[in-house]
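Here is target32.cif, consisting of mmCIF, N, CA and C atoms:
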data_work
#
loop_
_atom_site.label_atom_id
_atom_site.label_comp_id
_atom_site.auth_asym_id
_atom_site.auth_seq_id
_atom_site.Cartn_x
_atom_site.Cartn_y
_atom_site.Cartn_z
N MET A 1 -62.99 58.10 -9.18
CA MET A 1 -63.74 56.89 -8.94
C MET A 1 -62.79 55.78 -8.50
N ARG A 2 -63.30 54.94 -7.68
CA ARG A 2 -62.49 53.81 -7.24
C ARG A 2 -62.35 52.79 -8.35
N ARG A 3 -61.38 51.92 -8.18
CA ARG A 3 -61.15 50.87 -9.18
C ARG A 3 -62.33 49.92 -9.29
N THR A 4 -63.02 49.68 -8.19
CA THR A 4 -64.14 48.73 -8.22
C THR A 4 -65.32 49.29 -9.02
N ALA A 5 -65.40 50.61 -9.17
CA ALA A 5 -66.51 51.20 -9.92
C ALA A 5 -66.44 50.83 -11.40
N PHE A 6 -65.23 50.61 -11.91
CA PHE A 6 -65.09 50.23 -13.32
C PHE A 6 -65.64 48.83 -13.57
N ILE A 7 -65.73 48.02 -12.55
CA ILE A 7 -66.29 46.68 -12.68
C ILE A 7 -67.76 46.68 -12.26
N THR A 8 -68.07 47.40 -11.20
CA THR A 8 -69.41 47.37 -10.62
C THR A 8 -70.46 47.99 -11.53
N ILE A 9 -70.18 49.15 -12.09
CA ILE A 9 -71.17 49.85 -12.91
C ILE A 9 -71.54 49.06 -14.16
N PRO A 10 -70.60 48.53 -14.94
CA PRO A 10 -71.01 47.70 -16.08
C PRO A 10 -71.73 46.42 -15.66
N ALA A 11 -71.33 45.83 -14.54
CA ALA A 11 -72.01 44.62 -14.06
C ALA A 11 -73.46 44.93 -13.69
N LEU A 12 -73.69 46.05 -13.03
CA LEU A 12 -75.05 46.43 -12.67
C LEU A 12 -75.88 46.80 -13.89
N ALA A 13 -75.26 47.42 -14.88
CA ALA A 13 -75.98 47.74 -16.12
C ALA A 13 -76.38 46.45 -16.85
N CYS A 14 -75.49 45.46 -16.86
CA CYS A 14 -75.84 44.17 -17.47
C CYS A 14 -76.95 43.48 -16.71
N ALA A 15 -76.92 43.57 -15.38
CA ALA A 15 -77.98 42.97 -14.56
C ALA A 15 -79.32 43.66 -14.84
N LEU A 16 -79.31 44.98 -15.01
CA LEU A 16 -80.53 45.70 -15.34
C LEU A 16 -81.08 45.26 -16.69
N LEU A 17 -80.23 45.17 -17.68
CA LEU A 17 -80.67 44.74 -19.01
C LEU A 17 -81.21 43.31 -18.99
N ALA A 18 -80.57 42.43 -18.22
CA ALA A 18 -81.04 41.05 -18.11
C ALA A 18 -82.40 40.99 -17.42
N SER A 19 -82.58 41.80 -16.38
CA SER A 19 -83.88 41.79 -15.69
C SER A 19 -84.97 42.40 -16.57
N VAL A 20 -84.64 43.40 -17.38
CA VAL A 20 -85.61 43.97 -18.31
C VAL A 20 -86.01 42.92 -19.35
N ALA A 21 -85.04 42.19 -19.87
CA ALA A 21 -85.35 41.15 -20.85
C ALA A 21 -86.21 40.05 -20.24
N CYS A 22 -85.91 39.66 -19.01
CA CYS A 22 -86.73 38.63 -18.35
C CYS A 22 -88.14 39.14 -18.07
N ALA A 23 -88.25 40.38 -17.63
CA ALA A 23 -89.57 40.92 -17.31
C ALA A 23 -90.44 41.06 -18.56
N VAL A 24 -89.82 41.36 -19.69
CA VAL A 24 -90.58 41.49 -20.93
C VAL A 24 -90.95 40.12 -21.47
N ALA A 25 -90.06 39.14 -21.35
CA ALA A 25 -90.29 37.82 -21.94
C ALA A 25 -91.20 36.95 -21.09
N LEU A 26 -91.11 37.06 -19.76
CA LEU A 26 -91.88 36.18 -18.88
C LEU A 26 -93.22 36.79 -18.54
N GLY A 27 -94.20 35.94 -18.32
CA GLY A 27 -95.52 36.39 -17.96
C GLY A 27 -96.54 35.30 -18.24
N PRO A 28 -97.83 35.61 -18.12
CA PRO A 28 -98.85 34.61 -18.41
C PRO A 28 -98.75 34.07 -19.83
N THR A 29 -98.34 34.93 -20.76
CA THR A 29 -98.12 34.52 -22.14
C THR A 29 -96.62 34.62 -22.39
N GLY A 30 -95.94 33.50 -22.34
CA GLY A 30 -94.50 33.51 -22.55
C GLY A 30 -94.18 33.95 -23.97
N ILE A 31 -93.25 34.86 -24.10
CA ILE A 31 -92.91 35.41 -25.41
C ILE A 31 -91.44 35.15 -25.66
N SER A 32 -91.16 34.49 -26.77
CA SER A 32 -89.77 34.29 -27.19
C SER A 32 -89.51 35.17 -28.41
N PHE A 33 -88.25 35.23 -28.80
CA PHE A 33 -87.93 36.06 -29.96
C PHE A 33 -88.56 35.49 -31.23
N GLY A 34 -88.71 34.17 -31.30
CA GLY A 34 -89.35 33.56 -32.46
C GLY A 34 -90.83 33.88 -32.54
N SER A 35 -91.48 33.97 -31.37
CA SER A 35 -92.91 34.28 -31.38
C SER A 35 -93.18 35.74 -31.74
N LEU A 36 -92.20 36.61 -31.59
CA LEU A 36 -92.38 38.01 -32.01
C LEU A 36 -92.58 38.10 -33.53
N ILE A 37 -91.92 37.19 -34.25
CA ILE A 37 -92.03 37.20 -35.70
C ILE A 37 -93.33 36.56 -36.16
N SER A 38 -93.70 35.44 -35.51
CA SER A 38 -94.84 34.69 -36.01
C SER A 38 -96.20 35.15 -35.45
N LEU A 39 -96.21 35.71 -34.25
CA LEU A 39 -97.48 36.11 -33.63
C LEU A 39 -97.65 37.63 -33.65
N PRO A 40 -98.67 38.14 -34.31
CA PRO A 40 -98.86 39.60 -34.33
C PRO A 40 -99.27 40.14 -32.95
N ASN A 41 -99.93 39.33 -32.14
CA ASN A 41 -100.33 39.79 -30.81
C ASN A 41 -99.14 39.94 -29.87
N ALA A 42 -98.05 39.25 -30.17
CA ALA A 42 -96.87 39.33 -29.31
C ALA A 42 -96.29 40.74 -29.31
N TRP A 43 -96.28 41.39 -30.47
CA TRP A 43 -95.78 42.77 -30.53
C TRP A 43 -96.65 43.69 -29.68
N THR A 44 -97.96 43.49 -29.73
CA THR A 44 -98.86 44.31 -28.94
C THR A 44 -98.63 44.10 -27.45
N ILE A 45 -98.45 42.87 -27.05
CA ILE A 45 -98.20 42.57 -25.64
C ILE A 45 -96.91 43.22 -25.18
N VAL A 46 -95.87 43.09 -25.98
CA VAL A 46 -94.56 43.63 -25.58
C VAL A 46 -94.57 45.15 -25.58
N TRP A 47 -94.98 45.78 -26.68
CA TRP A 47 -94.85 47.22 -26.81
C TRP A 47 -95.91 48.02 -26.05
N ASP A 48 -97.10 47.47 -25.91
CA ASP A 48 -98.18 48.23 -25.28
C ASP A 48 -98.40 47.90 -23.81
N VAL A 49 -97.97 46.72 -23.37
CA VAL A 49 -98.24 46.31 -22.00
C VAL A 49 -96.97 46.17 -21.18
N ARG A 50 -96.10 45.28 -21.61
CA ARG A 50 -94.97 44.92 -20.76
C ARG A 50 -93.85 45.95 -20.73
N LEU A 51 -93.44 46.43 -21.89
CA LEU A 51 -92.31 47.36 -21.93
C LEU A 51 -92.58 48.67 -21.20
N PRO A 52 -93.76 49.29 -21.34
CA PRO A 52 -94.00 50.50 -20.54
C PRO A 52 -93.95 50.26 -19.03
N ARG A 53 -94.45 49.10 -18.60
CA ARG A 53 -94.41 48.78 -17.16
C ARG A 53 -92.98 48.57 -16.69
N VAL A 54 -92.18 47.91 -17.48
CA VAL A 54 -90.79 47.65 -17.09
C VAL A 54 -90.01 48.97 -17.06
N ILE A 55 -90.22 49.82 -18.03
CA ILE A 55 -89.53 51.12 -18.05
C ILE A 55 -89.98 51.98 -16.87
N ALA A 56 -91.27 51.98 -16.57
CA ALA A 56 -91.76 52.73 -15.42
C ALA A 56 -91.16 52.20 -14.12
N ALA A 57 -91.05 50.89 -13.98
CA ALA A 57 -90.46 50.30 -12.77
C ALA A 57 -88.99 50.69 -12.64
N ALA A 58 -88.26 50.69 -13.75
CA ALA A 58 -86.85 51.09 -13.70
C ALA A 58 -86.71 52.56 -13.33
N LEU A 59 -87.57 53.41 -13.87
CA LEU A 59 -87.50 54.84 -13.54
C LEU A 59 -87.87 55.11 -12.09
N VAL A 60 -88.86 54.38 -11.58
CA VAL A 60 -89.23 54.53 -10.17
C VAL A 60 -88.08 54.08 -9.27
N GLY A 61 -87.43 53.00 -9.64
CA GLY A 61 -86.27 52.54 -8.87
C GLY A 61 -85.15 53.57 -8.87
N CYS A 62 -84.90 54.18 -10.03
CA CYS A 62 -83.88 55.23 -10.10
C CYS A 62 -84.26 56.43 -9.24
N ALA A 63 -85.53 56.81 -9.27
CA ALA A 63 -85.97 57.96 -8.46
C ALA A 63 -85.85 57.66 -6.98
N LEU A 64 -86.17 56.45 -6.56
CA LEU A 64 -86.02 56.09 -5.14
C LEU A 64 -84.56 56.09 -4.72
N ALA A 65 -83.68 55.63 -5.61
CA ALA A 65 -82.25 55.64 -5.29
C ALA A 65 -81.73 57.07 -5.15
N VAL A 66 -82.17 57.95 -6.04
CA VAL A 66 -81.74 59.35 -5.96
C VAL A 66 -82.28 60.00 -4.69
N ALA A 67 -83.53 59.72 -4.35
CA ALA A 67 -84.11 60.31 -3.14
C ALA A 67 -83.40 59.81 -1.88
N GLY A 68 -83.08 58.53 -1.84
CA GLY A 68 -82.37 58.00 -0.69
C GLY A 68 -80.97 58.58 -0.56
N THR A 69 -80.28 58.71 -1.69
CA THR A 69 -78.95 59.30 -1.67
C THR A 69 -78.99 60.76 -1.25
N ALA A 70 -80.00 61.48 -1.74
CA ALA A 70 -80.13 62.89 -1.35
C ALA A 70 -80.42 63.03 0.15
N MET A 71 -81.25 62.15 0.69
CA MET A 71 -81.55 62.21 2.11
C MET A 71 -80.31 61.90 2.95
N GLN A 72 -79.55 60.89 2.53
CA GLN A 72 -78.33 60.56 3.27
C GLN A 72 -77.29 61.67 3.16
N GLY A 73 -77.23 62.32 2.01
CA GLY A 73 -76.31 63.44 1.86
C GLY A 73 -76.75 64.66 2.63
N LEU A 74 -78.05 64.92 2.69
CA LEU A 74 -78.57 66.07 3.41
C LEU A 74 -78.28 65.96 4.90
N PHE A 75 -78.51 64.78 5.46
CA PHE A 75 -78.30 64.58 6.89
C PHE A 75 -76.90 64.12 7.23
N ARG A 76 -76.08 63.88 6.22
CA ARG A 76 -74.71 63.39 6.40
C ARG A 76 -74.69 62.16 7.30
N ASN A 77 -75.59 61.25 7.01
CA ASN A 77 -75.72 60.04 7.81
C ASN A 77 -76.06 58.88 6.85
N PRO A 78 -75.18 57.88 6.75
CA PRO A 78 -75.48 56.78 5.83
C PRO A 78 -76.64 55.90 6.28
N MET A 79 -77.10 56.07 7.50
CA MET A 79 -78.23 55.28 8.00
C MET A 79 -79.57 56.01 7.88
N ALA A 80 -79.57 57.22 7.34
CA ALA A 80 -80.81 58.00 7.25
C ALA A 80 -81.75 57.37 6.24
N ASP A 81 -82.99 57.17 6.65
CA ASP A 81 -84.03 56.70 5.74
C ASP A 81 -85.34 57.34 6.16
N PRO A 82 -86.39 57.24 5.36
CA PRO A 82 -87.64 57.95 5.66
C PRO A 82 -88.30 57.54 6.97
N TYR A 83 -88.03 56.33 7.45
CA TYR A 83 -88.66 55.88 8.68
C TYR A 83 -87.93 56.43 9.90
N ILE A 84 -86.62 56.48 9.85
CA ILE A 84 -85.84 57.00 10.98
C ILE A 84 -86.02 58.51 11.09
N ILE A 85 -86.00 59.21 9.96
CA ILE A 85 -86.10 60.67 9.97
C ILE A 85 -87.51 61.14 10.33
N GLY A 86 -88.52 60.36 10.00
CA GLY A 86 -89.89 60.74 10.30
C GLY A 86 -90.67 61.22 9.09
N THR A 87 -90.06 61.11 7.92
CA THR A 87 -90.72 61.53 6.69
C THR A 87 -91.99 60.71 6.44
N SER A 88 -91.90 59.42 6.64
CA SER A 88 -93.06 58.55 6.42
C SER A 88 -94.19 58.87 7.40
N SER A 89 -93.84 59.12 8.65
CA SER A 89 -94.86 59.45 9.65
C SER A 89 -95.51 60.79 9.36
N GLY A 90 -94.72 61.77 8.91
CA GLY A 90 -95.29 63.06 8.55
C GLY A 90 -96.22 62.96 7.36
N GLY A 91 -95.86 62.14 6.37
CA GLY A 91 -96.72 61.93 5.22
C GLY A 91 -98.01 61.23 5.61
N ALA A 92 -97.91 60.25 6.51
CA ALA A 92 -99.11 59.55 6.99
C ALA A 92 -100.01 60.49 7.77
N LEU A 93 -99.42 61.37 8.56
CA LEU A 93 -100.22 62.34 9.30
C LEU A 93 -100.94 63.30 8.35
N GLY A 94 -100.24 63.79 7.34
CA GLY A 94 -100.88 64.68 6.36
C GLY A 94 -102.01 64.00 5.62
N ALA A 95 -101.81 62.74 5.22
CA ALA A 95 -102.87 62.01 4.53
C ALA A 95 -104.05 61.76 5.45
N THR A 96 -103.78 61.47 6.72
CA THR A 96 -104.87 61.25 7.68
C THR A 96 -105.67 62.52 7.90
N ILE A 97 -105.00 63.65 7.99
CA ILE A 97 -105.70 64.92 8.15
C ILE A 97 -106.58 65.19 6.93
N ALA A 98 -106.08 64.89 5.75
CA ALA A 98 -106.89 65.09 4.54
C ALA A 98 -108.11 64.18 4.53
N ILE A 99 -107.95 62.95 4.98
CA ILE A 99 -109.07 62.02 5.00
C ILE A 99 -110.12 62.43 6.02
N VAL A 100 -109.67 62.84 7.21
CA VAL A 100 -110.61 63.17 8.28
C VAL A 100 -111.30 64.51 8.04
N LEU A 101 -110.54 65.52 7.66
CA LEU A 101 -111.10 66.87 7.55
C LEU A 101 -111.69 67.19 6.17
N PHE A 102 -111.11 66.63 5.11
CA PHE A 102 -111.51 67.02 3.77
C PHE A 102 -112.06 65.86 2.95
N ALA A 103 -112.47 64.79 3.59
CA ALA A 103 -113.06 63.61 2.94
C ALA A 103 -112.14 63.03 1.86
N GLY A 104 -110.84 63.11 2.08
CA GLY A 104 -109.87 62.52 1.16
C GLY A 104 -109.41 63.43 0.04
N ARG A 105 -110.03 64.59 -0.12
CA ARG A 105 -109.60 65.51 -1.18
C ARG A 105 -108.27 66.16 -0.77
N GLY A 106 -107.36 66.20 -1.69
CA GLY A 106 -106.07 66.80 -1.41
C GLY A 106 -105.16 65.90 -0.59
N ARG A 107 -105.44 64.62 -0.60
CA ARG A 107 -104.66 63.68 0.20
C ARG A 107 -103.20 63.68 -0.21
N LEU A 108 -102.92 63.69 -1.50
CA LEU A 108 -101.53 63.67 -1.96
C LEU A 108 -100.79 64.94 -1.57
N VAL A 109 -101.48 66.06 -1.71
CA VAL A 109 -100.84 67.35 -1.39
C VAL A 109 -100.53 67.44 0.10
N LEU A 110 -101.51 67.09 0.94
CA LEU A 110 -101.27 67.16 2.38
C LEU A 110 -100.27 66.11 2.85
N ALA A 111 -100.22 64.96 2.21
CA ALA A 111 -99.21 63.96 2.55
C ALA A 111 -97.82 64.49 2.22
N PHE A 112 -97.68 65.14 1.08
CA PHE A 112 -96.39 65.72 0.71
C PHE A 112 -96.00 66.84 1.67
N VAL A 113 -96.95 67.70 2.00
CA VAL A 113 -96.67 68.80 2.93
C VAL A 113 -96.28 68.26 4.30
N GLY A 114 -96.98 67.24 4.78
CA GLY A 114 -96.66 66.64 6.06
C GLY A 114 -95.28 66.00 6.06
N ALA A 115 -94.93 65.32 4.98
CA ALA A 115 -93.61 64.70 4.88
C ALA A 115 -92.51 65.75 4.86
N MET A 116 -92.72 66.81 4.10
CA MET A 116 -91.71 67.87 4.04
C MET A 116 -91.58 68.60 5.38
N ALA A 117 -92.71 68.83 6.05
CA ALA A 117 -92.67 69.49 7.35
C ALA A 117 -91.90 68.65 8.37
N ALA A 118 -92.14 67.36 8.37
CA ALA A 118 -91.43 66.48 9.30
C ALA A 118 -89.94 66.45 8.99
N THR A 119 -89.59 66.38 7.71
CA THR A 119 -88.18 66.32 7.33
C THR A 119 -87.46 67.61 7.69
N PHE A 120 -88.06 68.75 7.39
CA PHE A 120 -87.40 70.02 7.72
C PHE A 120 -87.35 70.27 9.22
N THR A 121 -88.36 69.80 9.95
CA THR A 121 -88.32 69.92 11.41
C THR A 121 -87.14 69.15 11.98
N VAL A 122 -86.96 67.93 11.54
CA VAL A 122 -85.82 67.12 12.00
C VAL A 122 -84.51 67.76 11.58
N TYR A 123 -84.47 68.28 10.37
CA TYR A 123 -83.24 68.90 9.88
C TYR A 123 -82.86 70.12 10.72
N PHE A 124 -83.84 70.99 11.01
CA PHE A 124 -83.52 72.19 11.79
C PHE A 124 -83.21 71.88 13.24
N ILE A 125 -83.84 70.86 13.80
CA ILE A 125 -83.50 70.44 15.16
C ILE A 125 -82.07 69.89 15.19
N ALA A 126 -81.71 69.13 14.17
CA ALA A 126 -80.35 68.57 14.13
C ALA A 126 -79.30 69.65 13.91
N ARG A 127 -79.63 70.68 13.17
CA ARG A 127 -78.67 71.76 12.95
C ARG A 127 -78.40 72.56 14.21
N LYS A 128 -79.41 72.73 15.06
CA LYS A 128 -79.23 73.48 16.30
C LYS A 128 -78.44 72.68 17.33
N GLY A 129 -78.70 71.37 17.39
CA GLY A 129 -78.10 70.52 18.42
C GLY A 129 -76.65 70.30 18.17
#

Would you kindly transcribe this structure into structure tokens?
Amino acid sequence: MRRTAFITIPALACALLASVACAVALGPTGISFGSLISLPNAWTIVWDVRLPRVIAAALVGCALAVAGTAMQGLFRNPMADPYIIGTSSGGALGATIAIVLFAGRGRLVLAFVGAMAATFTVYFIARKG
């Protein structure tokens, strides 16, 4: 690892924790640490509403980062993204086919199949060229 990684990774982890704390505390009903003790509804808001959403958002962000890194590694191109490769267009085509032919049933499956077909088509064309 480079020397900058020893500074960057802890700084990004601190930024993530700070954004999680802000996302949990801020909202239509502002919640402070003192209100957690005095208000019984504050615990319900934090544990049942806000914290699951914040954790889900963090996990989705991690999954998108992994997918982007995998795509750039697969194509060996730091500029590769779903719009340039055609993954988004293939997914849109699959979803459109599901809507037109099957009244929307199987939209997610056909969107995934269309995205994968477009990605592998570009990959195999690039391997031959």

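When atom N of Ala67 (chain A) is paired with CA of Ile84 (chain A), their separation reads 15.7 Å.
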
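In this model, the gap between atom N of Trp43 (chain A) and atom N of Leu17 (chain A) comes to 20.9 Å.
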
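When the PyMOL selection byres (((chain A and resi 81 and name CA) around 8) and name CA) is evaluated on the file shown here, the picked residues come out as Gly68, Met71, Gln72, Met79, Ala80, Pro82, Tyr83, Ile84 and Ile85 of chain A.
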
Q: Quick one: everything within 10 Å of Ile45 (chain A), counting only C-alpha atoms, minus sequence neighbours fewer than 3 positions away in the same chain. Send it as a ChimeraX atom specification.
A: /A:24-25,29,31,36,40-42,48-51

Q: Kindly give the distance, in Å, that separates atom C of Ala15 (chain A) and CA of Ile55 (chain A), rounded to a single decimal.
A: 13.0 Å

Q: I need the residue set behind the PyMOL selection byres (((chain A and resi 104-116 and name CA) around 12) and name CA) for this file; please write it as an MDAnalysis selection string.
A: chainID A and resid 71 82:83 85:103 117:123

Restricting the output to N, CA and C atoms, write the selected residues as a JSON list (two decimals), in the coordinates of the input.
[["chain", "number", "residue", "atom", "x", "y", "z"],
["A", 71, "MET", "N", -81.25, 62.15, 0.69],
["A", 71, "MET", "CA", -81.55, 62.21, 2.11],
["A", 71, "MET", "C", -80.31, 61.90, 2.95],
["A", 82, "PRO", "N", -86.39, 57.24, 5.36],
["A", 82, "PRO", "CA", -87.64, 57.95, 5.66],
["A", 82, "PRO", "C", -88.30, 57.54, 6.97],
["A", 83, "TYR", "N", -88.03, 56.33, 7.45],
["A", 83, "TYR", "CA", -88.66, 55.88, 8.68],
["A", 83, "TYR", "C", -87.93, 56.43, 9.90],
["A", 85, "ILE", "N", -86.00, 59.21, 9.96],
["A", 85, "ILE", "CA", -86.10, 60.67, 9.97],
["A", 85, "ILE", "C", -87.51, 61.14, 10.33],
["A", 86, "GLY", "N", -88.52, 60.36, 10.00],
["A", 86, "GLY", "CA", -89.89, 60.74, 10.30],
["A", 86, "GLY", "C", -90.67, 61.22, 9.09],
["A", 87, "THR", "N", -90.06, 61.11, 7.92],
["A", 87, "THR", "CA", -90.72, 61.53, 6.69],
["A", 87, "THR", "C", -91.99, 60.71, 6.44],
["A", 88, "SER", "N", -91.90, 59.42, 6.64],
["A", 88, "SER", "CA", -93.06, 58.55, 6.42],
["A", 88, "SER", "C", -94.19, 58.87, 7.40],
["A", 89, "SER", "N", -93.84, 59.12, 8.65],
["A", 89, "SER", "CA", -94.86, 59.45, 9.65],
["A", 89, "SER", "C", -95.51, 60.79, 9.36],
["A", 90, "GLY", "N", -94.72, 61.77, 8.91],
["A", 90, "GLY", "CA", -95.29, 63.06, 8.55],
["A", 90, "GLY", "C", -96.22, 62.96, 7.36],
["A", 91, "GLY", "N", -95.86, 62.14, 6.37],
["A", 91, "GLY", "CA", -96.72, 61.93, 5.22],
["A", 91, "GLY", "C", -98.01, 61.23, 5.61],
["A", 92, "ALA", "N", -97.91, 60.25, 6.51],
["A", 92, "ALA", "CA", -99.11, 59.55, 6.99],
["A", 92, "ALA", "C", -100.01, 60.49, 7.77],
["A", 93, "LEU", "N", -99.42, 61.37, 8.56],
["A", 93, "LEU", "CA", -100.22, 62.34, 9.30],
["A", 93, "LEU", "C", -100.94, 63.30, 8.35],
["A", 94, "GLY", "N", -100.24, 63.79, 7.34],
["A", 94, "GLY", "CA", -100.88, 64.68, 6.36],
["A", 94, "GLY", "C", -102.01, 64.00, 5.62],
["A", 95, "ALA", "N", -101.81, 62.74, 5.22],
["A", 95, "ALA", "CA", -102.87, 62.01, 4.53],
["A", 95, "ALA", "C", -104.05, 61.76, 5.45],
["A", 96, "THR", "N", -103.78, 61.47, 6.72],
["A", 96, "THR", "CA", -104.87, 61.25, 7.68],
["A", 96, "THR", "C", -105.67, 62.52, 7.90],
["A", 97, "ILE", "N", -105.00, 63.65, 7.99],
["A", 97, "ILE", "CA", -105.70, 64.92, 8.15],
["A", 97, "ILE", "C", -106.58, 65.19, 6.93],
["A", 98, "ALA", "N", -106.08, 64.89, 5.75],
["A", 98, "ALA", "CA", -106.89, 65.09, 4.54],
["A", 98, "ALA", "C", -108.11, 64.18, 4.53],
["A", 99, "ILE", "N", -107.95, 62.95, 4.98],
["A", 99, "ILE", "CA", -109.07, 62.02, 5.00],
["A", 99, "ILE", "C", -110.12, 62.43, 6.02],
["A", 100, "VAL", "N", -109.67, 62.84, 7.21],
["A", 100, "VAL", "CA", -110.61, 63.17, 8.28],
["A", 100, "VAL", "C", -111.30, 64.51, 8.04],
["A", 101, "LEU", "N", -110.54, 65.52, 7.66],
["A", 101, "LEU", "CA", -111.10, 66.87, 7.55],
["A", 101, "LEU", "C", -111.69, 67.19, 6.17],
["A", 102, "PHE", "N", -111.11, 66.63, 5.11],
["A", 102, "PHE", "CA", -111.51, 67.02, 3.77],
["A", 102, "PHE", "C", -112.06, 65.86, 2.95],
["A", 103, "ALA", "N", -112.47, 64.79, 3.59],
["A", 103, "ALA", "CA", -113.06, 63.61, 2.94],
["A", 103, "ALA", "C", -112.14, 63.03, 1.86],
["A", 117, "ALA", "N", -92.71, 68.83, 6.05],
["A", 117, "ALA", "CA", -92.67, 69.49, 7.35],
["A", 117, "ALA", "C", -91.90, 68.65, 8.37],
["A", 118, "ALA", "N", -92.14, 67.36, 8.37],
["A", 118, "ALA", "CA", -91.43, 66.48, 9.30],
["A", 118, "ALA", "C", -89.94, 66.45, 8.99],
["A", 119, "THR", "N", -89.59, 66.38, 7.71],
["A", 119, "THR", "CA", -88.18, 66.32, 7.33],
["A", 119, "THR", "C", -87.46, 67.61, 7.69],
["A", 120, "PHE", "N", -88.06, 68.75, 7.39],
["A", 120, "PHE", "CA", -87.40, 70.02, 7.72],
["A", 120, "PHE", "C", -87.35, 70.27, 9.22],
["A", 121, "THR", "N", -88.36, 69.80, 9.95],
["A", 121, "THR", "CA", -88.32, 69.92, 11.41],
["A", 121, "THR", "C", -87.14, 69.15, 11.98],
["A", 122, "VAL", "N", -86.96, 67.93, 11.54],
["A", 122, "VAL", "CA", -85.82, 67.12, 12.00],
["A", 122, "VAL", "C", -84.51, 67.76, 11.58],
["A", 123, "TYR", "N", -84.47, 68.28, 10.37],
["A", 123, "TYR", "CA", -83.24, 68.90, 9.88],
["A", 123, "TYR", "C", -82.86, 70.12, 10.72]]

(Q) For the structure I just gave you, how does DSSP split chain A - specifically, which residues are helix (DSSP H, G or I)? Reply as number ranges by chain. (A) A: 5-25, 33-38, 40-75, 82-85, 87-102, 107-128

Taking all listed atoms of region 16-27 of chain A, build the axis-aligned box, pad each of the six sides by 8 Å, then write its centre and edge lengths in Å to one decimal as JSON.
{"center_x": -87.9, "center_y": 40.5, "center_z": -18.5, "size_x": 33.2, "size_y": 26.4, "size_z": 22.9}
